[in-house]
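Visitor: Once you've had a glance at the structure underneath, I'll fire off some questions.
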Amino acid sequence: MFNVQNIKTVLKVRFLLFNDVLWHLQVEELEEKLLDQTQEVERLRSELGATDLEKQLELLVVENERLKQELKSCRSSKLQKLDAAAETCSCSHCPHSQDVEALRREVSRWETQARQRERRLAELERELLEKSSRTEALQRQLDDSTRQLDDSRRQLEESRRRQGEAEQKLTLRLQECEEELARQAATPPRVKYVTQTVEVESADSQKAVAEMQVKNNALQEQLSAQRQLLRELETQLHESQRTCAQLRTQLLADRGRLCGLLSKAVGRRNSEVVRRLSKILVYEGEMERAQGQLEAEMQNLEEEKNRVIEEAFIRAESEMKAVHENLAGVRMNLLSLQPALRTLTSDYNCLKRQVQDFPFMLDKAITEAKQEICQVISEVSSTNQELLRKYKREMNLRKKCHNELVRLKGNIRVFCRVRPVSQEEQDSADAKTMLSFDSDDDAILYLSNKGKVMTFELDKVFPPHATQEEVFQEVQALITSCIDGYNVCIFAYGQTGSGKTYTMEGVADNPGINQRALRLLFSEVTEKAPDWDYKITVSMVEIYNETLRDLLGENPSDKLDIKMNPDGSGQLYVPGLTEITVQSPEDINKVFELGHVNRATACTNLNEHSSRSHALLIITVSGFNTATGNRTQGKLNLVDLAGSERIGKSGAEGSRLREAQCINKSLSALGDVINALRSKHSHVPFRNSRLTYLLQDSLSGDSKTLMMVQVSPLPSNMSESVCSLKFAQRVRSVELSSSSSRKHENSSTSSSPTHDSVELDSPPVTPVPLPISRASSAGSTLSSASRTPSSSRRRSQSQLSTGTRCSEVT
Ligand SMILES: Nc1ncnc2c1ncn2[C@@H]1O[C@H](COP(=O)(O)OP(=O)(O)OP(=O)(O)O)[C@@H](O)[C@H]1O
């Protein structure tokens, strides 16, 4: 046991010794550091003077000294104790166990102190780092001071330059003033009273010069002071620069030294650090490799970037080239457009001027136009008046001419129309016609009867093939006379079935004179519409057995009467007679339809009834000239007479006899009236029949009459045809005999050369009775003038010296 205890003690002692060696080494290291620190502190003190850092350093020095002392004492006591411990251990009984314990405590205390010193050393290291950072801050301050010094030097140089300029200016000004003074002094006074002023001015100038010299001196002093200050600043600057360079050198040296110390300390510290360093080196190698890769990639990227930039540059260059070319083209266009632009600009300016002048020109033009219009209006007005006057004159002339034309043609004109043989009649044995026509003269009709050829000369003969239009063309002159205010009567005369109704009324698709006359009147009044306002009224009357009936009235069976107009005009009128105003062809059709319906309802057999009654269409045309104020009124009477056959000779009785008597009476009265009118008898027997009485105002005066004698071509109707033609011949002869002009023409009449056997009627001494039982009509005679009929149209064919033109072939 004792041996083991001794061995333990020996081991402990050795351990303590080992620890002591380590501690000794650490102490030496600390001493070296302290020495370095001391030197550094000394150096810094020499450089920067006493600061807080110095104070700390002083404290550190004191502490260092204390530590040194403690270390020395510790070392001596330690050695002593070790010696004692060695001596104790060498003994076999360990009588110094207490000492060992004390030594052990002492070792632990020293260990504690060593740890404290280690901490202290770490603190010193931190302080060293802080000092390094402070040194860097000082370096920065030094750099800032250097920059400020440079700035101050520049400012000083600038101010010195300005002072030099100001000084130079002042010197120049002073020289000028002195020269001026010298010149003033040299100039002799010209006028006495000016001298004083000049002297005063010279004094002022001298005073100003003196002031300027004072100022100049002050400025020069300031300048010298500034120069001195500048020199001092420059000296300070040089010293500062030198100090700065020294500090930099020292700082670099210190840094290197510190780094060496630290590396040494680190290298000595332990192998773990070395291992970590090796790892760090490995990491650094990896990092370098990675950095190399990164740099390679960076280089690649850089190359790629350069390549892309180069391509972009080339592309940009090509685009730029294209843009330049376009720009050149645009410039060329601009150059070419410039003249056009100039032209346009000049045009624009011209137009602008015109626009500016336009209101004035417009006003002027309007004024001129107004004047011209007023002038034209006055001219037109006067021309219009002149034309109106001429128009009135021409109208009157035309009216006169037309009237003269009708008069020359004859106020009573006689036409003959031969109806065609119908289809049924052609099939019968009676179809052979006994009538023939003169191809050279449309007024001649030949009739073969009982072996004789009779020649009838009328105003116009329409053969069977004559159309309604051709017939109407011959009568339309009379109808237009109605518009001029003349009364016109157109009669259709002939035996039953000879075509009277066909000629006057026509058929639906081929109208006769009635409808065509109304249409013509419409067209004529429409043509004159601007100046004339016309009104056309229509009445339809039937005369049956000397009884007057209104075919357009509500009660057609009522008998009408003819009376004298109570207005004192001497005109006749029919009270209650319906007058319908027509304004269009449609109105005409309606009126005719109404007339037909009323005529049909008033009788049992329309065909027979129409053959035995007279149908009158009375058209009144009233006109008002809006320009002249003239008024006209004409009446057109279109009469479809009853059949003219000689019923009396056939032994008719009863009502037929009465009808025949009435027809004969009216037709005879008509003949008598015509005879009296053309013979200019003082008395015209209008009142002998209802027909003539009704047509009184249309047969007298300047009235115009047309007798359309209808003839049947059939041999069975030949005697009636001869009678009708003889009647027409006599009527025409009456009219001719009353015309002086016709009388003159009649003197050279001759018989037809184609008919040698023509027998002229002996001139009737007494009035010739009308064809149908005319003997019963009082005064129904033709005038003696019928003894000298002639025809201007037949001068070359019929040489009638006396008597009528009616001749018979025996
Ligand atoms: N120019 C003509 N062309 C063709 N047909 C005609 C012509 N004239 C008459 N006719 C025909 O002859 C027939 C008899 O004619 P219309 O009735 O006109 O005779 P009318 O003399 O009026 O007889 P009434 O005295 O009995 O009235 C009718 O069928 C008619 O169509």
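Labels for the structure tokens follow display order: chains A, B, ..., residues from 1 in each chain, ligands from 1.
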Can you write out as a Markdown table which residues of chain A fall within 8 Å of ligand 1, alongside each residue's closest atom pair and its distance in Å to one decimal, counting only C-alpha atoms and all ligand atoms and ordering rows by chain and ascending residue number?

Guide:
| residue | atom | partner | partner_atom_place_in_ligand_line | distance |
| --- | --- | --- | --- | --- |
| A:Arg417 | CA | ligand 1 | 1 (N) | 7.3 |
| A:Val418 | CA | ligand 1 | 1 (N) | 6.7 |
| A:Arg419 | CA | ligand 1 | 1 (N) | 4.2 |
| A:Pro420 | CA | ligand 1 | 3 (N) | 5.4 |
| A:Val421 | CA | ligand 1 | 5 (N) | 7.7 |
| A:Ser422 | CA | ligand 1 | 5 (N) | 6.8 |
| A:Pro464 | CA | ligand 1 | 1 (N) | 5.8 |
| A:His465 | CA | ligand 1 | 1 (N) | 7.1 |
| A:Ala466 | CA | ligand 1 | 1 (N) | 7.0 |
| A:Thr467 | CA | ligand 1 | 1 (N) | 7.1 |
| A:Gln468 | CA | ligand 1 | 1 (N) | 7.5 |
| A:Tyr493 | CA | ligand 1 | 21 (O) | 7.8 |
| A:Gly494 | CA | ligand 1 | 21 (O) | 6.2 |
| A:Gln495 | CA | ligand 1 | 21 (O) | 5.8 |
| A:Thr496 | CA | ligand 1 | 25 (O) | 3.5 |
| A:Gly497 | CA | ligand 1 | 19 (O) | 3.3 |
| A:Ser498 | CA | ligand 1 | 21 (O) | 4.0 |
| A:Gly499 | CA | ligand 1 | 18 (O) | 3.3 |
| A:Lys500 | CA | ligand 1 | 22 (O) | 3.9 |
| A:Thr501 | CA | ligand 1 | 18 (O) | 3.7 |
| A:Tyr502 | CA | ligand 1 | 18 (O) | 3.8 |
| A:Thr503 | CA | ligand 1 | 18 (O) | 6.6 |
| A:Gly506 | CA | ligand 1 | 18 (O) | 7.6 |
| A:Val507 | CA | ligand 1 | 31 (O) | 7.6 |
| A:Asn607 | CA | ligand 1 | 26 (O) | 5.8 |
| A:Glu608 | CA | ligand 1 | 26 (O) | 6.1 |
| A:His609 | CA | ligand 1 | 26 (O) | 7.9 |
| A:Ser610 | CA | ligand 1 | 27 (O) | 5.1 |
| A:Ser611 | CA | ligand 1 | 25 (O) | 3.6 |
| A:Arg612 | CA | ligand 1 | 25 (O) | 6.9 |
| A:Asp640 | CA | ligand 1 | 22 (O) | 7.5 |
| A:Leu641 | CA | ligand 1 | 25 (O) | 7.5 |
| A:Ala642 | CA | ligand 1 | 25 (O) | 5.6 |
| A:Gly643 | CA | ligand 1 | 25 (O) | 4.4 |
| A:Ser644 | CA | ligand 1 | 25 (O) | 7.9 |
| A:Gln710 | CA | ligand 1 | 21 (O) | 7.0 |

Visitor: For the structure I just gave you, how does DSSP split range 473-675 of chain A - specifically, which residues are strand (DSSP E)? Reply as a PyMOL selection string.

Guide: chain A and resi 488-493+506-507+510-511+532-544+547-550+559-560+563-564+572-573+580-582+614-625+631-640

Visitor: Take CA of Ile513 in chain A and CA of Glu457 in chain A and report the distance between them in Å, one decimal.

Guide: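 According to the coordinates, CA of Ile513 in chain A and CA of Glu457 in chain A are separated by 22.9 Å.
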
Visitor: Can you list, as a PyMOL selection string, every protein, DNA or RNA residue that comes within 12 Å of Ser724 in chain A when you count only C-alpha atoms, leaving out same-chain residues fewer than 2 positions away?

Guide: chain A and resi 414-418+456+492-496+498+643-646+667+707-712+717-722+726-731+770-772+806
